[in-house]
>>> print(open('model22.tsv').read())   # TSV, C-alpha atoms and all ligand atoms
chain	number	residue	atom	x	y	z
A	1	MET	CA	6.34	-14.27	-14.64
A	2	GLU	CA	5.04	-17.77	-15.26
A	3	THR	CA	4.71	-19.85	-12.14
A	4	LYS	CA	6.59	-22.70	-13.86
A	5	LYS	CA	9.72	-20.55	-13.97
A	6	LEU	CA	9.30	-19.74	-10.30
A	7	ILE	CA	9.00	-23.42	-9.45
A	8	ASP	CA	12.12	-24.23	-11.48
A	9	LYS	CA	13.97	-21.51	-9.64
A	10	PHE	CA	12.69	-22.79	-6.31
A	11	LEU	CA	14.06	-26.27	-7.03
A	12	GLU	CA	17.36	-24.80	-8.14
A	13	VAL	CA	17.74	-22.65	-5.02
A	14	PHE	CA	16.44	-25.07	-2.41
A	15	HIS	CA	17.20	-28.30	-4.29
A	16	GLY	CA	14.90	-31.19	-4.87
A	17	GLU	CA	12.80	-32.50	-7.71
A	18	ASP	CA	9.40	-33.00	-6.24
A	19	ARG	CA	7.02	-30.34	-7.48
A	20	ARG	CA	3.98	-31.87	-5.83
A	21	ASN	CA	4.66	-30.55	-2.35
A	22	LEU	CA	5.11	-26.96	-3.52
A	23	ARG	CA	2.31	-24.44	-2.96
A	24	ILE	CA	1.97	-21.12	-4.79
A	25	PHE	CA	0.61	-17.92	-3.29
A	26	PHE	CA	0.12	-14.38	-4.52
A	27	ALA	CA	-0.45	-11.10	-2.74
A	28	PRO	CA	-1.16	-7.94	-4.74
A	29	GLY	CA	0.10	-4.41	-4.40
A	30	ARG	CA	-2.37	-1.57	-4.08
A	31	ILE	CA	-3.14	1.86	-5.37
A	32	ASN	CA	-5.21	4.32	-3.42
A	33	LEU	CA	-7.83	6.06	-5.55
A	34	ILE	CA	-8.42	8.81	-3.00
A	35	GLY	CA	-8.28	9.34	0.77
A	36	GLU	CA	-4.60	9.96	1.41
A	37	HIS	CA	-3.14	10.27	4.89
A	38	THR	CA	-6.63	9.82	6.28
A	39	ASP	CA	-6.34	6.26	7.61
A	40	TYR	CA	-4.39	7.17	10.75
A	41	ASN	CA	-6.64	10.19	11.18
A	42	GLY	CA	-9.76	8.07	11.63
A	43	GLY	CA	-11.09	8.84	8.16
A	44	PHE	CA	-12.06	7.05	4.97
A	45	VAL	CA	-9.73	5.58	2.36
A	46	PHE	CA	-10.60	4.21	-1.06
A	47	PRO	CA	-7.87	1.85	-2.26
A	48	CYS	CA	-7.92	-1.17	-4.55
A	49	ALA	CA	-5.66	-4.16	-5.09
A	50	ILE	CA	-3.81	-4.35	-8.40
A	51	THR	CA	-2.70	-7.37	-10.39
A	52	TYR	CA	0.99	-6.63	-9.84
A	53	GLY	CA	2.27	-8.05	-6.60
A	54	THR	CA	4.37	-10.69	-4.87
A	55	TYR	CA	4.50	-14.42	-5.58
A	56	GLY	CA	5.63	-16.98	-3.04
A	57	ILE	CA	6.44	-20.63	-3.66
A	58	ALA	CA	6.58	-22.55	-0.41
A	59	ARG	CA	7.38	-25.95	1.02
A	60	ILE	CA	7.15	-27.22	4.59
A	61	ARG	CA	10.40	-28.40	6.19
A	62	GLU	CA	10.81	-31.12	8.74
A	63	ASP	CA	12.86	-29.04	11.17
A	64	ARG	CA	12.21	-25.56	12.63
A	65	LEU	CA	14.23	-23.49	10.17
A	66	LEU	CA	12.74	-20.69	8.07
A	67	ARG	CA	14.62	-20.12	4.82
A	68	PHE	CA	13.76	-17.31	2.41
A	69	PHE	CA	15.13	-16.40	-1.01
A	70	SER	CA	14.01	-13.46	-3.13
A	71	MET	CA	14.57	-13.25	-6.87
A	72	ASN	CA	14.42	-9.48	-6.43
A	73	PHE	CA	17.42	-9.55	-4.09
A	74	GLU	CA	19.37	-12.54	-5.36
A	75	GLU	CA	22.62	-11.06	-4.10
A	76	LYS	CA	21.38	-11.50	-0.51
A	77	GLY	CA	21.18	-15.26	-1.04
A	78	ILE	CA	19.11	-17.49	1.23
A	79	ILE	CA	18.21	-15.72	4.45
A	80	GLU	CA	17.81	-18.22	7.23
A	81	PHE	CA	16.47	-18.01	10.78
A	82	HIS	CA	14.88	-20.21	13.38
A	83	LEU	CA	11.28	-20.42	14.54
A	84	ASP	CA	12.56	-19.94	18.08
A	85	ASP	CA	14.43	-16.71	17.34
A	86	LEU	CA	12.24	-14.24	15.52
A	87	ASN	CA	13.89	-10.98	16.56
A	88	TYR	CA	14.48	-8.15	14.10
A	89	LYS	CA	17.97	-8.30	12.60
A	90	ALA	CA	19.22	-5.62	10.23
A	91	GLU	CA	21.31	-8.18	8.35
A	92	HIS	CA	18.16	-10.11	7.51
A	93	TYR	CA	17.19	-7.18	5.34
A	94	TRP	CA	13.91	-7.75	3.42
A	95	ALA	CA	13.23	-11.04	5.25
A	96	ASN	CA	12.39	-9.06	8.39
A	97	TYR	CA	8.90	-8.56	6.92
A	98	PRO	CA	8.03	-12.28	6.73
A	99	LYS	CA	9.87	-12.82	9.99
A	100	GLY	CA	7.82	-10.19	11.80
A	101	MET	CA	4.63	-11.65	10.38
A	102	ILE	CA	5.48	-15.16	11.57
A	103	ARG	CA	6.43	-13.80	14.96
A	104	TYR	CA	3.09	-12.05	15.48
A	105	ILE	CA	1.16	-15.03	14.19
A	106	GLN	CA	2.89	-17.17	16.81
A	107	GLU	CA	2.38	-14.54	19.51
A	108	SER	CA	-1.33	-14.60	18.72
A	109	GLY	CA	-1.36	-18.23	19.77
A	110	PHE	CA	-1.03	-19.93	16.37
A	111	ARG	CA	2.07	-22.10	16.60
A	112	LEU	CA	3.93	-23.24	13.51
A	113	PRO	CA	4.85	-26.90	13.98
A	114	HIS	CA	7.62	-26.77	11.34
A	115	GLY	CA	9.80	-24.40	9.39
A	116	ILE	CA	9.31	-23.55	5.71
A	117	GLU	CA	11.35	-22.57	2.71
A	118	VAL	CA	10.06	-19.87	0.44
A	119	LEU	CA	11.02	-18.39	-2.89
A	120	ILE	CA	9.73	-14.86	-3.45
A	121	TYR	CA	9.32	-12.96	-6.67
A	122	GLY	CA	7.68	-9.54	-6.90
A	123	ASP	CA	6.73	-7.65	-10.04
A	124	LEU	CA	5.87	-4.49	-8.11
A	125	PRO	CA	8.51	-1.83	-8.47
A	126	ASN	CA	9.88	-1.85	-4.93
A	127	GLY	CA	9.94	1.38	-2.93
A	128	ALA	CA	7.48	2.87	-5.43
A	129	GLY	CA	4.66	3.35	-2.96
A	130	LEU	CA	2.56	0.47	-4.27
A	131	SER	CA	2.80	-1.36	-0.94
A	132	SER	CA	5.44	-3.94	-1.76
A	133	SER	CA	5.99	-4.36	1.98
A	134	ALA	CA	2.31	-4.91	2.85
A	135	SER	CA	2.20	-7.33	-0.07
A	136	LEU	CA	5.08	-9.32	1.44
A	137	GLU	CA	3.50	-9.26	4.89
A	138	MET	CA	0.13	-10.47	3.67
A	139	LEU	CA	1.74	-13.04	1.39
A	140	THR	CA	3.52	-14.51	4.40
A	141	GLY	CA	0.35	-14.39	6.46
A	142	ILE	CA	-1.88	-16.27	4.04
A	143	MET	CA	0.93	-18.67	3.15
A	144	VAL	CA	1.55	-19.79	6.71
A	145	ASN	CA	-2.17	-19.81	7.40
A	146	GLU	CA	-2.84	-22.15	4.47
A	147	LEU	CA	0.26	-24.34	4.80
A	148	PHE	CA	-0.51	-25.19	8.42
A	149	ALA	CA	-4.31	-24.80	8.24
A	150	LEU	CA	-4.21	-22.35	11.13
A	151	GLN	CA	-7.62	-20.81	10.35
A	152	ILE	CA	-6.68	-17.25	11.21
A	153	GLU	CA	-9.33	-14.73	10.20
A	154	ARG	CA	-8.33	-12.55	7.25
A	155	LEU	CA	-8.94	-9.33	9.17
A	156	ASP	CA	-6.67	-10.56	11.95
A	157	LEU	CA	-3.91	-11.14	9.42
A	158	VAL	CA	-4.48	-7.59	8.16
A	159	LYS	CA	-4.00	-6.26	11.70
A	160	MET	CA	-0.90	-8.38	12.25
A	161	GLY	CA	0.61	-7.10	8.99
A	162	ASN	CA	0.07	-3.57	10.20
A	163	ARG	CA	1.66	-4.45	13.53
A	164	VAL	CA	4.76	-5.69	11.68
A	165	GLU	CA	5.08	-2.26	10.05
A	166	ASN	CA	4.46	-0.35	13.29
A	167	GLN	CA	6.30	-2.42	15.88
A	168	PHE	CA	8.76	-4.62	14.01
A	169	ILE	CA	9.91	-2.28	11.24
A	170	GLY	CA	9.13	1.01	13.01
A	171	VAL	CA	6.93	2.83	10.50
A	172	ASN	CA	3.83	4.27	12.09
A	173	SER	CA	1.65	3.57	9.06
A	174	GLY	CA	-2.12	3.17	9.09
A	175	ILE	CA	-4.22	0.17	8.15
A	176	MET	CA	-4.93	0.98	4.51
A	177	ASP	CA	-2.18	-0.99	2.76
A	178	GLN	CA	-2.60	-4.33	4.49
A	179	PHE	CA	-6.37	-3.95	4.24
A	180	ALA	CA	-6.30	-3.35	0.49
A	181	VAL	CA	-3.80	-6.16	-0.11
A	182	GLY	CA	-5.67	-8.58	2.11
A	183	MET	CA	-9.25	-7.67	1.22
A	184	GLY	CA	-9.09	-6.49	-2.42
A	185	LYS	CA	-11.73	-7.57	-4.91
A	186	LYS	CA	-11.49	-7.68	-8.68
A	187	ASN	CA	-12.69	-4.48	-10.40
A	188	CYS	CA	-13.77	-2.90	-7.11
A	189	GLY	CA	-12.52	-0.10	-4.91
A	190	ILE	CA	-12.82	-0.62	-1.16
A	191	LEU	CA	-14.34	2.27	0.72
A	192	LEU	CA	-13.04	1.71	4.23
A	193	ASP	CA	-13.99	3.69	7.30
A	194	CYS	CA	-10.78	3.37	9.30
A	195	ASN	CA	-12.49	4.53	12.48
A	196	ARG	CA	-15.20	1.93	12.58
A	197	TRP	CA	-13.68	-0.78	10.39
A	198	ILE	CA	-16.73	-0.75	8.14
A	199	TYR	CA	-16.04	-1.31	4.47
A	200	GLU	CA	-17.90	-1.49	1.22
A	201	TYR	CA	-16.87	-2.74	-2.21
A	202	ILE	CA	-17.74	-0.23	-4.93
A	203	PRO	CA	-17.52	-1.50	-8.51
A	204	LEU	CA	-15.28	0.60	-10.74
A	205	ASN	CA	-17.21	1.07	-13.94
A	206	LEU	CA	-14.42	2.48	-16.05
A	207	THR	CA	-15.71	1.51	-19.48
A	208	GLY	CA	-13.73	3.52	-22.00
A	209	TYR	CA	-11.17	4.64	-19.42
A	210	LYS	CA	-7.99	3.24	-17.91
A	211	ILE	CA	-6.17	3.87	-14.67
A	212	ILE	CA	-2.54	4.67	-15.45
A	213	ILE	CA	0.10	4.23	-12.76
A	214	MET	CA	2.97	6.66	-13.19
A	215	ASN	CA	6.16	5.88	-11.31
A	216	THR	CA	8.47	8.82	-10.59
A	217	ASN	CA	11.31	6.33	-10.09
A	218	LYS	CA	12.31	8.44	-7.15
A	219	ARG	CA	12.78	5.98	-4.33
A	220	ARG	CA	10.75	6.59	-1.26
A	221	GLU	CA	11.76	5.02	1.98
A	222	LEU	CA	8.77	5.33	4.27
A	223	ALA	CA	10.85	4.85	7.38
A	224	ASP	CA	13.20	7.66	6.33
A	225	SER	CA	10.52	9.96	5.15
A	226	LYS	CA	8.53	12.52	6.98
A	227	TYR	CA	5.66	10.08	7.35
A	228	ASN	CA	5.95	9.72	11.12
A	229	GLU	CA	6.38	13.49	11.42
A	230	ARG	CA	3.11	14.14	9.56
A	231	ARG	CA	1.37	11.69	11.81
A	232	SER	CA	2.55	13.47	14.97
A	233	GLU	CA	1.62	16.85	13.50
A	234	CYS	CA	-1.93	15.59	13.05
A	235	GLU	CA	-1.98	14.24	16.58
A	236	ALA	CA	-0.83	17.61	17.91
A	237	ALA	CA	-3.51	19.43	15.90
A	238	LEU	CA	-6.14	17.02	17.22
A	239	GLN	CA	-5.12	17.70	20.80
A	240	TYR	CA	-5.57	21.45	20.32
A	241	LEU	CA	-8.98	20.94	18.74
A	242	GLN	CA	-10.04	18.63	21.55
A	243	GLN	CA	-9.71	21.55	23.96
A	244	GLY	CA	-12.81	23.07	22.42
A	245	ILE	CA	-14.75	20.29	20.73
A	246	GLU	CA	-15.45	16.68	21.63
A	247	ILE	CA	-13.90	14.57	18.89
A	248	HIS	CA	-11.81	11.39	18.84
A	249	SER	CA	-10.07	11.91	15.52
A	250	LEU	CA	-9.80	14.48	12.74
A	251	GLY	CA	-12.10	12.20	10.75
A	252	ASP	CA	-14.93	13.18	13.10
A	253	LEU	CA	-14.97	16.72	11.71
A	254	ASN	CA	-16.69	18.02	8.60
A	255	GLU	CA	-15.48	21.12	6.78
A	256	GLU	CA	-17.79	23.51	8.64
A	257	ALA	CA	-16.87	22.21	12.08
A	258	PHE	CA	-13.18	22.46	11.19
A	259	GLU	CA	-13.49	26.06	9.98
A	260	ALA	CA	-15.39	26.97	13.13
A	261	HIS	CA	-12.75	25.52	15.43
A	262	LYS	CA	-9.44	25.86	13.64
A	263	HIS	CA	-8.58	28.97	15.70
A	264	LEU	CA	-7.90	26.51	18.56
A	265	ILE	CA	-4.74	25.41	16.74
A	266	PRO	CA	-2.07	28.03	17.43
A	267	ASP	CA	0.32	27.01	14.66
A	268	ASP	CA	-0.18	27.63	10.94
A	269	VAL	CA	1.61	24.48	9.83
A	270	LEU	CA	-0.55	22.32	12.09
A	271	VAL	CA	-3.68	24.05	10.74
A	272	LYS	CA	-2.65	23.10	7.21
A	273	ARG	CA	-2.00	19.47	8.15
A	274	ALA	CA	-5.35	19.15	9.90
A	275	ARG	CA	-7.16	20.92	7.07
A	276	HIS	CA	-5.85	18.37	4.64
A	277	ALA	CA	-6.96	15.46	6.83
A	278	VAL	CA	-10.47	16.86	7.28
A	279	TYR	CA	-11.09	17.95	3.68
A	280	GLU	CA	-9.49	14.84	2.18
A	281	ASN	CA	-11.76	12.66	4.27
A	282	ARG	CA	-14.83	14.53	3.03
A	283	ARG	CA	-13.56	14.32	-0.55
A	284	THR	CA	-13.25	10.56	-0.21
A	285	ILE	CA	-16.88	10.19	0.86
A	286	LYS	CA	-17.93	12.45	-2.05
A	287	ALA	CA	-15.76	10.53	-4.49
A	288	ALA	CA	-17.35	7.22	-3.53
A	289	ALA	CA	-20.78	8.78	-4.03
A	290	ALA	CA	-19.70	10.08	-7.44
A	291	LEU	CA	-18.63	6.57	-8.48
A	292	ARG	CA	-21.88	5.07	-7.28
A	293	ASN	CA	-23.64	7.60	-9.55
A	294	ASP	CA	-21.29	6.75	-12.42
A	295	ASP	CA	-20.05	10.34	-12.38
A	296	LEU	CA	-16.42	9.80	-13.33
A	297	HIS	CA	-15.87	13.48	-14.09
A	298	GLU	CA	-16.77	14.48	-10.56
A	299	PHE	CA	-14.50	11.71	-9.29
A	300	GLY	CA	-11.65	13.13	-11.37
A	301	LYS	CA	-12.17	16.64	-10.02
A	302	LEU	CA	-11.94	15.31	-6.49
A	303	MET	CA	-8.73	13.47	-7.37
A	304	ASN	CA	-7.22	16.72	-8.61
A	305	ALA	CA	-8.28	18.59	-5.49
A	306	SER	CA	-6.75	15.80	-3.41
A	307	HIS	CA	-3.38	16.27	-5.09
A	308	ILE	CA	-3.46	20.04	-4.61
A	309	SER	CA	-4.19	19.59	-0.92
A	310	LEU	CA	-1.38	17.02	-0.55
A	311	ARG	CA	0.93	19.44	-2.35
A	312	ASP	CA	0.05	22.68	-0.59
A	313	ASP	CA	-1.33	21.73	2.83
A	314	TYR	CA	0.18	18.35	3.61
A	315	GLU	CA	3.41	18.99	1.67
A	316	VAL	CA	4.17	15.40	0.77
A	317	THR	CA	4.36	15.58	-3.02
A	318	GLY	CA	7.67	17.05	-4.15
A	319	PHE	CA	8.92	18.14	-7.55
A	320	GLU	CA	8.81	14.70	-9.23
A	321	LEU	CA	5.22	13.85	-8.31
A	322	ASP	CA	4.04	17.39	-9.06
A	323	THR	CA	5.70	17.30	-12.45
A	324	LEU	CA	3.99	14.03	-13.38
A	325	VAL	CA	0.58	15.04	-12.10
A	326	GLU	CA	0.66	18.53	-13.54
A	327	ALA	CA	1.72	17.11	-16.92
A	328	ALA	CA	-1.13	14.59	-16.69
A	329	TRP	CA	-3.69	17.31	-15.99
A	330	LYS	CA	-2.77	19.04	-19.26
A	331	GLN	CA	-3.45	16.04	-21.48
A	332	GLU	CA	-6.56	15.59	-23.54
A	333	GLY	CA	-8.61	12.71	-22.17
A	334	THR	CA	-7.40	12.98	-18.56
A	335	ILE	CA	-10.29	12.76	-16.13
A	336	GLY	CA	-8.15	13.30	-13.03
A	337	ALA	CA	-4.69	12.65	-11.62
A	338	ARG	CA	-3.07	12.59	-8.20
A	339	MET	CA	-0.23	11.11	-6.22
A	340	THR	CA	-1.04	7.80	-4.52
A	341	GLY	CA	0.31	6.34	-1.28
A	342	ALA	CA	2.52	8.11	1.20
A	343	GLY	CA	4.09	10.57	-1.25
A	344	PHE	CA	7.67	11.90	-1.17
A	345	GLY	CA	8.30	10.18	-4.50
A	346	GLY	CA	6.71	6.90	-5.47
A	347	CYS	CA	3.73	6.80	-7.81
A	348	ALA	CA	0.86	8.88	-9.10
A	349	ILE	CA	-2.28	7.68	-10.87
A	350	ALA	CA	-4.39	9.15	-13.65
A	351	ILE	CA	-7.71	8.16	-15.16
A	352	VAL	CA	-7.37	8.52	-18.91
A	353	LYS	CA	-9.61	7.92	-21.91
A	354	GLU	CA	-8.68	4.53	-23.34
A	355	GLU	CA	-7.97	5.64	-26.90
A	356	LEU	CA	-5.71	8.43	-25.64
A	357	VAL	CA	-3.54	6.33	-23.35
A	358	ASP	CA	-0.62	6.07	-25.80
A	359	PRO	CA	-0.28	9.80	-26.52
A	360	PHE	CA	-0.82	10.43	-22.79
A	361	ILE	CA	2.13	8.22	-21.86
A	362	SER	CA	4.43	9.65	-24.50
A	363	LYS	CA	3.63	13.29	-23.75
A	364	VAL	CA	3.74	13.01	-19.96
A	365	GLY	CA	6.86	10.86	-20.23
A	366	LYS	CA	8.58	13.45	-22.43
A	367	GLU	CA	7.75	16.36	-20.16
A	368	TYR	CA	8.96	14.40	-17.14
A	369	VAL	CA	12.31	13.49	-18.62
A	370	GLU	CA	12.85	17.07	-19.76
A	371	LYS	CA	12.20	18.50	-16.31
A	372	ILE	CA	13.62	15.77	-14.09
A	373	GLY	CA	16.45	14.34	-16.14
A	374	TYR	CA	15.47	10.65	-15.94
A	375	GLU	CA	12.48	8.63	-17.06
A	376	ALA	CA	9.19	7.83	-15.41
A	377	ASP	CA	7.55	4.42	-15.90
A	378	PHE	CA	3.93	3.91	-16.85
A	379	TYR	CA	1.68	0.91	-16.23
A	380	VAL	CA	-1.94	0.31	-17.08
A	381	ALA	CA	-3.52	-0.85	-13.83
A	382	SER	CA	-5.87	-3.81	-13.59
A	383	ILE	CA	-7.83	-4.10	-10.38
A	384	GLY	CA	-7.52	-7.59	-8.92
A	385	ASP	CA	-8.31	-9.73	-5.89
A	386	GLY	CA	-6.66	-9.73	-2.50
A	387	ALA	CA	-4.00	-12.21	-1.37
A	388	LYS	CA	-4.71	-15.86	-2.18
A	389	GLU	CA	-3.31	-19.29	-3.02
A	390	ILE	CA	-3.08	-19.86	-6.76
A	401	LIG	C1	1.28	4.74	3.38
A	401	LIG	C2	0.79	4.09	4.66
A	401	LIG	C3	-0.74	4.07	4.71
A	401	LIG	C4	-1.32	5.46	4.44
A	401	LIG	C5	-0.67	6.09	3.21
A	401	LIG	C6	-1.09	7.53	3.01
A	401	LIG	O1	0.92	3.96	2.28
A	401	LIG	O2	1.28	2.78	4.77
A	401	LIG	O3	-1.17	3.58	5.96
A	401	LIG	O4	-1.19	6.29	5.56
A	401	LIG	O5	0.74	6.04	3.26
A	401	LIG	O6	-2.44	7.60	2.72
>>> encode(input="model22.tsv", output="structure tokens")
Amino acid sequence: METKKLIDKFLEVFHGEDRRNLRIFFAPGRINLIGEHTDYNGGFVFPCAITYGTYGIARIREDRLLRFFSMNFEEKGIIEFHLDDLNYKAEHYWANYPKGMIRYIQESGFRLPHGIEVLIYGDLPNGAGLSSSASLEMLTGIMVNELFALQIERLDLVKMGNRVENQFIGVNSGIMDQFAVGMGKKNCGILLDCNRWIYEYIPLNLTGYKIIIMNTNKRRELADSKYNERRSECEAALQYLQQGIEIHSLGDLNEEAFEAHKHLIPDDVLVKRARHAVYENRRTIKAAAALRNDDLHEFGKLMNASHISLRDDYEVTGFELDTLVEAAWKQEGTIGARMTGAGFGGCAIAIVKEELVDPFISKVGKEYVEKIGYEADFYVASIGDGAKEI
């Protein structure tokens, strides 16, 4: 949406005529190219920021009130709270994300001298696994940082965003989403070693190909999902392995070491979960190498293997995602396809030959509706920058 429309809406909602004291911010969503459920296992991830995301128009107030309005949830009206009471409240609904962010910024010693009023508009399908919540967290972080010139380091904002998810909202998610949203770079994937916090931007040379985002339109509530359960299963598997081998995380193992020690895990389900974490991590390293060598076909094969492992070993795909991905695999011009994000619904991605994108969308779309009974949505992804003032 044009920013002018957002500004008009801001002035309508919060009143006033002066446009000069309004500031405009944007935080993207993300897709993960490969490296799924590896971040909290001390492995590599390979996400990128997309050009869909969350806009925020903001103005500083004279008092200490924080007032938020979202065009995506107009029926909730203006949600209002005070800088001196930043506790989680269920009735504050979506505004708990910005609230949590402001709380942790203050707890880190950066005091906000005044309140703000903010109009939010997101063009990310929400609950689709494209990190609409990390986008909102990072949007709030950079907004407050810029408005009050707090000079918080970007990586610290990334960590605070993750803390909001873990401690304020109660989802035990890893660092990938906030990192991708906060640190994204146009036309690049970010290869991030979640153990050591070392990252590298790898240009995506996709000449002749497009990344297609395929939304199952099956809502996925991370907090309700089996996300936390998977995380504890991995922790349990790690503890068994640690009885026989000195490692700090599953990401410390290569395939051979895992095969040699998996007998230490006495439970078949836990073996499968750990196998996914170990092999997916190795696939991510290989996929980054393939991209560096401009070997898109190898990259696509690794994407496919990633989906199979998430389907069979990690069991986080489900009928909707499998239907989309399996339909994508059958199409002429598909280099690779896999689910992206946490799973359990949400989105998948495919790399498709540019001139075959239209038939791809219509054929996959048709197969999906026939099997599932409602439509999937398709978007051509553009890889953009991380959160910033615009
Ligand atoms: C969600 C979490 C991330 C990551 C992915 C799975 O997006 O927020 O931290 O664990 O799932 O790769």
>>> residues_near_ligand(input="model22.tsv", ligand="ligand LIG 401 (chain A)", cutoff="6 Å", atoms="all atoms listed in the file", output="PyMOL selection string")
chain A and resi 36-39+173-177+341-342
>>> closest_residue(input="model22.tsv", among="A:Glu326, A:Asp84, A:Asp123, A:Asp358", to="Gln106 of chain A", atoms="only C-alpha atoms")
A:Asp84
>>> axis_aligned_box(input="model22.tsv", around="segment 199-218 of chain A", padding_each_side="8 Å", output="AutoDock Vina command-line options")
--center_x -2.8 --center_y 3.0 --center_z -8.8 --size_x 46.2 --size_y 27.6 --size_z 42.5
>>> closest_residue(input="model22.tsv", among="A:Ser309, A:Ser249, A:Asn72, A:Thr317", to="Cys347 of chain A", atoms="all atoms listed in the file")
A:Thr317
>>> closest_residue(input="model22.tsv", among="A:Ile120, A:Arg282, A:Thr216, A:Ala381", to="Val325 of chain A", atoms="all atoms listed in the file")
A:Thr216
>>> closest_residue(input="model22.tsv", among="A:Glu153, A:Asp193, A:Glu389, A:Glu375", to="Gly251 of chain A", atoms="only C-alpha atoms")
A:Asp193
>>> build_atoms(input="model22.tsv", residues="segment 170-186 of chain A", atoms="N, CA and C atoms", output="PDB file, keeping the file's coordinate frame")
ATOM      1  N   GLY A 170       9.020  -0.325  12.421  1.00  0.00           N
ATOM      2  CA  GLY A 170       9.130   1.010  13.010  1.00  0.00           C
ATOM      3  C   GLY A 170       8.554   2.130  12.170  1.00  0.00           C
ATOM      4  N   VAL A 171       7.634   1.793  11.251  1.00  0.00           N
ATOM      5  CA  VAL A 171       6.930   2.830  10.500  1.00  0.00           C
ATOM      6  C   VAL A 171       5.511   2.884  11.047  1.00  0.00           C
ATOM      7  N   ASN A 172       5.099   4.107  11.405  1.00  0.00           N
ATOM      8  CA  ASN A 172       3.830   4.270  12.090  1.00  0.00           C
ATOM      9  C   ASN A 172       2.636   4.312  11.124  1.00  0.00           C
ATOM     10  N   SER A 173       2.643   3.465  10.127  1.00  0.00           N
ATOM     11  CA  SER A 173       1.650   3.570   9.060  1.00  0.00           C
ATOM     12  C   SER A 173       0.278   3.112   9.525  1.00  0.00           C
ATOM     13  N   GLY A 174      -0.744   3.530   8.781  1.00  0.00           N
ATOM     14  CA  GLY A 174      -2.120   3.170   9.090  1.00  0.00           C
ATOM     15  C   GLY A 174      -2.467   1.803   8.504  1.00  0.00           C
ATOM     16  N   ILE A 175      -3.762   1.515   8.480  1.00  0.00           N
ATOM     17  CA  ILE A 175      -4.220   0.170   8.150  1.00  0.00           C
ATOM     18  C   ILE A 175      -4.475  -0.028   6.651  1.00  0.00           C
ATOM     19  N   MET A 176      -4.451   1.063   5.891  1.00  0.00           N
ATOM     20  CA  MET A 176      -4.930   0.980   4.510  1.00  0.00           C
ATOM     21  C   MET A 176      -4.227  -0.082   3.659  1.00  0.00           C
ATOM     22  N   ASP A 177      -2.908  -0.139   3.711  1.00  0.00           N
ATOM     23  CA  ASP A 177      -2.180  -0.990   2.760  1.00  0.00           C
ATOM     24  C   ASP A 177      -2.476  -2.466   2.972  1.00  0.00           C
ATOM     25  N   GLN A 178      -2.354  -2.909   4.218  1.00  0.00           N
ATOM     26  CA  GLN A 178      -2.600  -4.330   4.490  1.00  0.00           C
ATOM     27  C   GLN A 178      -4.063  -4.664   4.215  1.00  0.00           C
ATOM     28  N   PHE A 179      -4.937  -3.708   4.485  1.00  0.00           N
ATOM     29  CA  PHE A 179      -6.370  -3.950   4.240  1.00  0.00           C
ATOM     30  C   PHE A 179      -6.621  -4.145   2.751  1.00  0.00           C
ATOM     31  N   ALA A 180      -6.073  -3.259   1.945  1.00  0.00           N
ATOM     32  CA  ALA A 180      -6.300  -3.350   0.490  1.00  0.00           C
ATOM     33  C   ALA A 180      -5.694  -4.631  -0.064  1.00  0.00           C
ATOM     34  N   VAL A 181      -4.492  -4.961   0.398  1.00  0.00           N
ATOM     35  CA  VAL A 181      -3.800  -6.160  -0.110  1.00  0.00           C
ATOM     36  C   VAL A 181      -4.524  -7.427   0.343  1.00  0.00           C
ATOM     37  N   GLY A 182      -5.022  -7.391   1.571  1.00  0.00           N
ATOM     38  CA  GLY A 182      -5.670  -8.580   2.110  1.00  0.00           C
ATOM     39  C   GLY A 182      -7.121  -8.746   1.671  1.00  0.00           C
ATOM     40  N   MET A 183      -7.796  -7.635   1.417  1.00  0.00           N
ATOM     41  CA  MET A 183      -9.250  -7.670   1.220  1.00  0.00           C
ATOM     42  C   MET A 183      -9.693  -7.261  -0.182  1.00  0.00           C
ATOM     43  N   GLY A 184      -8.746  -6.989  -1.084  1.00  0.00           N
ATOM     44  CA  GLY A 184      -9.090  -6.490  -2.420  1.00  0.00           C
ATOM     45  C   GLY A 184     -10.063  -7.394  -3.161  1.00  0.00           C
ATOM     46  N   LYS A 185     -10.781  -6.808  -4.107  1.00  0.00           N
ATOM     47  CA  LYS A 185     -11.730  -7.570  -4.910  1.00  0.00           C
ATOM     48  C   LYS A 185     -11.668  -7.051  -6.340  1.00  0.00           C
ATOM     49  N   LYS A 186     -11.632  -8.001  -7.269  1.00  0.00           N
ATOM     50  CA  LYS A 186     -11.490  -7.680  -8.680  1.00  0.00           C
ATOM     51  C   LYS A 186     -12.455  -6.560  -9.122  1.00  0.00           C
TER      52      LYS A 186
END
